[in-house]
Amino acid sequence: MSGWLRQHRALVPYLFLVPGGLWLIIFFLVPVLAMAAVSLQEGTLGTGFRLTFNFGVFPDTITRWDGQLIRSLQYGLIVTLLALLIGYPMAYTIAFRGGRYKSILLLLVIMPFFTSFIIRTISWKFILADDGVVLGSLKDLGWVDAGFRILATPAAVIAGITYNFLPFVVLPLYVALEKIDHRLIEAATDLYASRLQAFLRVTLPLSLPGVFAATLLAFIPAVGDYINAELLGSPGETMIGNVIQRLYLVNNDYPQASALSLILMIGILLSVFAYTRLLRGQELTG
Amino acid sequence: MADALARVLPATTESPGRPRRPPIGARLRRAALPAFTALVVAYLFLPILVMIAFGFNDIQGRFNYAWQGFTLEHWQNAFNRYPALNDALKTSVIVAGISTVIATFMGTLIGMALTRYEFRGRGPLNMLIFLPIATPEIVLGASLLALFVSAGVARGLVTILLAHIMFNISYVVVTVRARLAGFNRALEEAAMDLGADEWTTFRKVTLPLIFPGIMAAALLAFALSIDDFVITQFTSGRTATFPLWVYGASRIGIPPQVNVVGTLIFGTALLGVVGWIVLQRRQLVAPPTRTDR
């Protein structure tokens with residue numbers, strides 16, 4: 001065996017790649033192609049689906065669910081921005097001021113993952129409920145209007161998604177900030193930069209790789225999320241994930257569901273690509 | 001933690017007449033970031049504290065919404081009230097265990113090939129690994145469903161496993177590759193120079209050095225698998241994992257036993273991590289060895 005390998009040394013990496021590579025081809029690439037094929041079919045679950053190359057399905061689904069598509073994009077962007085605004089100061093504090101408590105603070109950031117995210121989201125539903133611990137008490141005190149609600153509003157859905165993906169934002173930001181050589185910041189202040197200037201012109205640019213990773217880790221899952229809209233929202237907060245889920249698992253309308261999934265996937269890949277180009281351009285000019 | 005800080009803050013700012021202390025404004029500015037961080041930690045933990053607390057709620061009827069008194073009843077019958085809950089837990093552990101082992105094996109091989117060998121097709125391979133991470137979970141689940149429906153495959157435990165192994169491979173590759181990136185090949189060459197053959201070198205030098213990376217990847221894979229909801233919902237058919245069962249139960253009201261089981265899982269993970277940290281600390285304090293930095 002090892003003699004044969006020594007003779008065919010060039011084959012070794014391929015032997016390493018074959019099992020995992022084949023798995024990804026069969027259970028990622030082929031399914032996406034299958035989904036593309038299904039999107040061009042017509043029919044119902046009862047009568048069966050036939051491939052009719054119905055390319056009209058793409059403009060049809062886009063116009064039919066344009067509201068949900070735009071809402072998903074909006075929520076995704078708001079969530080990403082909020083998570084960065086909350087996560088950056090936190091990651092900064094842990095990296096620069098954490099001292100000997102760094103690892104404990106990081107542990108606190110990842111500890112929510114020790115609980116199922118379904119349970120955490122249901123907990124939020126419970127906390128934010130109209131007569132729940134928070135609003136119920138405030139209403140009893142007469143501090144808020146009896147008709148006031150958070151649950152089943154866009155705010156609840158956005159807060160829920162932000163909550164879910166906040167740790168994914170803090171960790172890469174922390175890694176990037178932690179790597180920064182403190183002497184560079186000292187040099188900036190020695191050269192009479194104010195603390196704000198030193199942050200804006202040294203720390204922030206050096207942490208951009210972390211911002212980049214954090215943005216992707218929040219934006220991609222946020223746009224495709226449907227659990228928060230389902231548990232914390234009302235029909236007015238339906239996102240594209242909810243539509244896909246319902247079309248697939250309730251209505252069994254596989255062609256439309258596949259078309260929408262494909263649109264979502266391509267849309268996200270395009271925005272990731274554009275964002276990568278944008279940030280790279282910034283690094284070169286900035 | 002947040003209210004502890006809130007109690008400390010006014011106390012320190014209200015001490016007049018003390019000389020050589022920075023002005024109040026500067027001290028407030030210095031306290032702002034830690035206070036904010038404490039608030040965020042409180043935000044992260046609020047739903048978990050609610051979950052733990054309501055496992056002790058003495059509910060009448062089905063709905064576990066308002067606090068009705070303290071009881072240990074749900075802890076006593078956590079595992080003998082809902083057999084379906086136990087089955088779902090068992091399914092989750094089986095799926096996470098098997099998918100972790102297989103995905104870690106295949107992902108580690110790819111990670112090693114990517115960092116240690118020159119070969120053609122590196123670009124497309126990197127793309128194949130990156131794409132499943134950059135694709136929303138719902139699309140991964142939906143596409144697998146499209147495949148299983150097209151191919152007429154019945155959904156169940158096996159299809160869940162196939163899916164979980166798939167999405168775990170990419171994460172394992174990324175984790176292992178990060179660990180291997182700083183690997184010093186000179187150590188292996190030294191072993192070979194001293195007469196070790198390739199297999200011995202791998203077993204005695206390479207594997208021990210990359211083992212922490214493989215363990216980290218396996219832990220990540222296990223965590224991702226056991227908590228996965230979206231992809232599982234699309235590939236499960238009638239089989240339920242723990243998250244799926246909880247979701248199903250949430251429509252008619254979550255029984256407090258779910259809170260108990262959630263608390264147990266949380267406690268187990270916490271104990272594991274704390275134990276691991278203590279172990280690491282002890283190794284760091286131990287007399288310097290070859291592996292010390």
# chains A, B, ... in the order shown; residues from 1 in each chain; ligands from 1
$ interface_residues --of "chain A" --to "chain B" --cutoff "7 Å" --atoms "only C-alpha atoms" --output "ChimeraX atom specification"
/A:13,16-17,19-20,23-24,27,31-32,34-35,38,89-90,93,108,112,114-116,118,120,123-124,126,220-221,224,241,261,265
$ select_by_dssp --residues "range 20-122 of chain B" --states "alpha helix (DSSP H)" --output "ChimeraX atom specification"
/B:24-53,73-76,83-116,122
$ residues_around --residues "range 177-181 of chain A" --least-positions-apart "3" --cutoff "6 Å" --atoms "only C-alpha atoms" --output "MDAnalysis selection string"
chainID A and resid 95 174 184 207
$ write_last_selection --atoms "C-alpha atoms" --output "PDB file, in the first residue's frame"
ATOM      1  CA  ALA A  95     -10.222  42.670  23.313  1.00  0.00           C
ATOM      2  CA  TYR A 174     -12.973  40.055  18.671  1.00  0.00           C
ATOM      3  CA  LEU A 184       0.305  51.296  16.374  1.00  0.00           C
ATOM      4  CA  SER A 207     -10.446  45.589  12.226  1.00  0.00           C
TER       5      SER A 207
END
$ residues_around --residues "Ile244 in chain A" --least-positions-apart "3" --cutoff "10 Å" --atoms "only C-alpha atoms" --output "list in words"
Gly224, Tyr226, Met239, Ile240, Gly241, Leu247, Tyr248, Leu249, Val250, Asn251, Asp253, Tyr254, Gln256, Ala257, Ser258, Ala259, Leu260, Ser261 and Leu264 of chain A; Ile138, Val139 and Ala142 of chain B
$ write_last_selection --atoms "N, CA and C atoms" --output "short mmCIF file (atom, residue, chain, number, x, y, z; two decimals), in the first residue's frame"
data_model
loop_
_atom_site.label_atom_id
_atom_site.label_comp_id
_atom_site.auth_asym_id
_atom_site.auth_seq_id
_atom_site.Cartn_x
_atom_site.Cartn_y
_atom_site.Cartn_z
N GLY A 224 -32.36 34.72 5.25
CA GLY A 224 -33.08 33.47 5.01
C GLY A 224 -33.89 32.99 6.20
N TYR A 226 -36.67 32.25 9.01
CA TYR A 226 -38.13 32.28 9.06
C TYR A 226 -38.68 31.94 10.45
N MET A 239 -41.40 36.79 6.03
CA MET A 239 -40.19 36.93 5.24
C MET A 239 -40.16 35.87 4.14
N ILE A 240 -39.16 35.96 3.27
CA ILE A 240 -39.15 35.07 2.12
C ILE A 240 -38.97 33.61 2.57
N GLY A 241 -38.25 33.42 3.67
CA GLY A 241 -38.09 32.07 4.20
C GLY A 241 -39.42 31.44 4.58
N LEU A 247 -44.59 27.01 1.00
CA LEU A 247 -44.80 26.44 -0.33
C LEU A 247 -44.29 25.01 -0.40
N TYR A 248 -43.14 24.76 0.24
CA TYR A 248 -42.56 23.42 0.20
C TYR A 248 -43.31 22.44 1.09
N LEU A 249 -43.46 22.81 2.36
CA LEU A 249 -43.88 21.82 3.36
C LEU A 249 -45.38 21.82 3.59
N VAL A 250 -46.10 22.89 3.22
CA VAL A 250 -47.55 22.90 3.44
C VAL A 250 -48.29 22.77 2.11
N ASN A 251 -47.96 23.65 1.13
CA ASN A 251 -48.69 23.65 -0.13
C ASN A 251 -48.18 22.62 -1.13
N ASP A 253 -46.08 23.05 -3.33
CA ASP A 253 -45.89 23.69 -4.63
C ASP A 253 -44.39 23.74 -4.90
N TYR A 254 -43.83 22.57 -5.28
CA TYR A 254 -42.38 22.48 -5.40
C TYR A 254 -41.78 23.42 -6.44
N GLN A 256 -42.65 26.49 -7.60
CA GLN A 256 -42.54 27.88 -7.15
C GLN A 256 -41.57 27.99 -5.98
N ALA A 257 -41.65 27.02 -5.05
CA ALA A 257 -40.75 27.04 -3.89
C ALA A 257 -39.30 26.95 -4.35
N SER A 258 -39.04 26.08 -5.32
CA SER A 258 -37.67 25.93 -5.82
C SER A 258 -37.20 27.21 -6.49
N ALA A 259 -38.09 27.81 -7.29
CA ALA A 259 -37.72 29.05 -7.98
C ALA A 259 -37.36 30.13 -6.95
N LEU A 260 -38.18 30.27 -5.90
CA LEU A 260 -37.90 31.28 -4.88
C LEU A 260 -36.58 31.00 -4.16
N SER A 261 -36.33 29.71 -3.82
CA SER A 261 -35.08 29.36 -3.15
C SER A 261 -33.89 29.75 -4.02
N LEU A 264 -33.39 33.45 -3.98
CA LEU A 264 -32.77 33.85 -2.71
C LEU A 264 -31.28 33.55 -2.71
N ILE B 138 -32.11 27.59 4.71
CA ILE B 138 -33.38 27.19 4.12
C ILE B 138 -33.18 26.72 2.68
N VAL B 139 -32.21 27.31 1.97
CA VAL B 139 -31.95 26.88 0.60
C VAL B 139 -31.30 25.50 0.60
N ALA B 142 -34.10 23.14 1.37
CA ALA B 142 -35.05 23.08 0.26
C ALA B 142 -34.48 22.28 -0.91
#
$ residues_around --residues "Gln76 in chain B" --least-positions-apart "4" --cutoff "10 Å" --atoms "only C-alpha atoms" --output "PDB file with N, CA and C atoms, in the first residue's frame"
ATOM      1  N   THR B  71     -42.170  24.587  42.124  1.00  0.00           N
ATOM      2  CA  THR B  71     -42.315  23.141  42.272  1.00  0.00           C
ATOM      3  C   THR B  71     -41.105  22.446  41.655  1.00  0.00           C
ATOM      4  N   LEU B  72     -40.815  21.246  42.185  1.00  0.00           N
ATOM      5  CA  LEU B  72     -39.758  20.423  41.596  1.00  0.00           C
ATOM      6  C   LEU B  72     -40.351  19.281  40.786  1.00  0.00           C
ATOM      7  N   ASN B  80     -40.185  10.930  32.126  1.00  0.00           N
ATOM      8  CA  ASN B  80     -41.186   9.875  32.023  1.00  0.00           C
ATOM      9  C   ASN B  80     -42.589  10.402  31.755  1.00  0.00           C
ATOM     10  N   ARG B  81     -42.677  11.654  31.296  1.00  0.00           N
ATOM     11  CA  ARG B  81     -43.985  12.222  31.019  1.00  0.00           C
ATOM     12  C   ARG B  81     -44.278  12.179  29.520  1.00  0.00           C
ATOM     13  N   GLN B 257     -41.410  20.349  31.044  1.00  0.00           N
ATOM     14  CA  GLN B 257     -40.333  19.364  30.928  1.00  0.00           C
ATOM     15  C   GLN B 257     -39.298  19.795  29.897  1.00  0.00           C
ATOM     16  N   VAL B 260     -36.890  21.929  31.591  1.00  0.00           N
ATOM     17  CA  VAL B 260     -35.990  21.115  32.409  1.00  0.00           C
ATOM     18  C   VAL B 260     -34.904  20.499  31.534  1.00  0.00           C
TER      19      VAL B 260
END
$ residues_around --residues "Ile158 in chain A" --least-positions-apart "4" --cutoff "10 Å" --atoms "only C-alpha atoms" --output "ChimeraX atom specification"
/A:74-76,78-80,82,153-154,162-164,222,228-229,232-233,237
$ residues_around --residues "Asn184 in chain B" --least-positions-apart "4" --cutoff "12 Å" --atoms "only C-alpha atoms" --output "list of chain:residue names"
B:Thr115, B:Arg116, B:Arg179, B:Leu180, B:Glu188, B:Glu189, B:Ala190, B:Val205, B:Thr206, B:Leu209, B:Ile210
$ write_last_selection --atoms "N, CA and C atoms" --output "short mmCIF file (atom, residue, chain, number, x, y, z; two decimals), in the first residue's frame"
data_model
loop_
_atom_site.label_atom_id
_atom_site.label_comp_id
_atom_site.auth_asym_id
_atom_site.auth_seq_id
_atom_site.Cartn_x
_atom_site.Cartn_y
_atom_site.Cartn_z
N THR B 115 -3.82 22.20 2.81
CA THR B 115 -2.69 22.93 3.40
C THR B 115 -1.36 22.26 3.11
N ARG B 116 -1.37 21.00 2.70
CA ARG B 116 -0.09 20.28 2.62
C ARG B 116 0.30 19.86 1.22
N ARG B 179 -6.20 25.82 11.73
CA ARG B 179 -5.24 25.27 12.67
C ARG B 179 -3.96 24.82 11.96
N LEU B 180 -4.12 24.25 10.76
CA LEU B 180 -2.97 23.71 10.03
C LEU B 180 -2.14 24.81 9.38
N GLU B 188 8.12 17.56 11.11
CA GLU B 188 7.95 16.26 10.44
C GLU B 188 9.25 15.84 9.77
N GLU B 189 9.90 16.81 9.13
CA GLU B 189 11.16 16.47 8.46
C GLU B 189 12.18 15.96 9.47
N ALA B 190 12.19 16.59 10.66
CA ALA B 190 13.11 16.14 11.70
C ALA B 190 12.84 14.69 12.07
N VAL B 205 3.90 12.70 15.37
CA VAL B 205 4.21 14.13 15.28
C VAL B 205 3.01 14.93 14.77
N THR B 206 2.53 14.56 13.57
CA THR B 206 1.49 15.38 12.94
C THR B 206 0.20 15.36 13.73
N LEU B 209 -0.09 17.25 17.00
CA LEU B 209 -0.04 18.70 16.82
C LEU B 209 -1.35 19.26 16.29
N ILE B 210 -2.02 18.50 15.40
CA ILE B 210 -3.25 19.04 14.83
C ILE B 210 -4.48 18.57 15.61
#
$ atom_distance --atom1 "CA of Val12 in chain A" --atom2 "CA of Val176 in chain B"
18.4 Å
$ select_by_dssp --residues "range 26-165 of chain A" --states "strand (DSSP E or B)" --output "short mmCIF file (atom, residue, chain, number, x, y, z; two decimals) with C-alpha atoms, in the first residue's frame"
data_model
loop_
_atom_site.label_atom_id
_atom_site.label_comp_id
_atom_site.auth_asym_id
_atom_site.auth_seq_id
_atom_site.Cartn_x
_atom_site.Cartn_y
_atom_site.Cartn_z
CA GLN A 41 -41.43 22.01 -13.91
CA GLU A 42 -45.19 22.42 -13.78
CA GLY A 43 -47.87 20.33 -12.15
CA THR A 44 -49.20 19.36 -8.73
CA GLY A 48 -47.08 14.74 -10.88
CA PHE A 49 -44.58 17.32 -12.09
CA ARG A 50 -43.37 17.54 -15.68
CA LEU A 51 -40.41 19.47 -17.01
#
$ atom_distance --atom1 "CA of Phe165 in chain A" --atom2 "CA of Ile110 in chain A"
10.8 Å
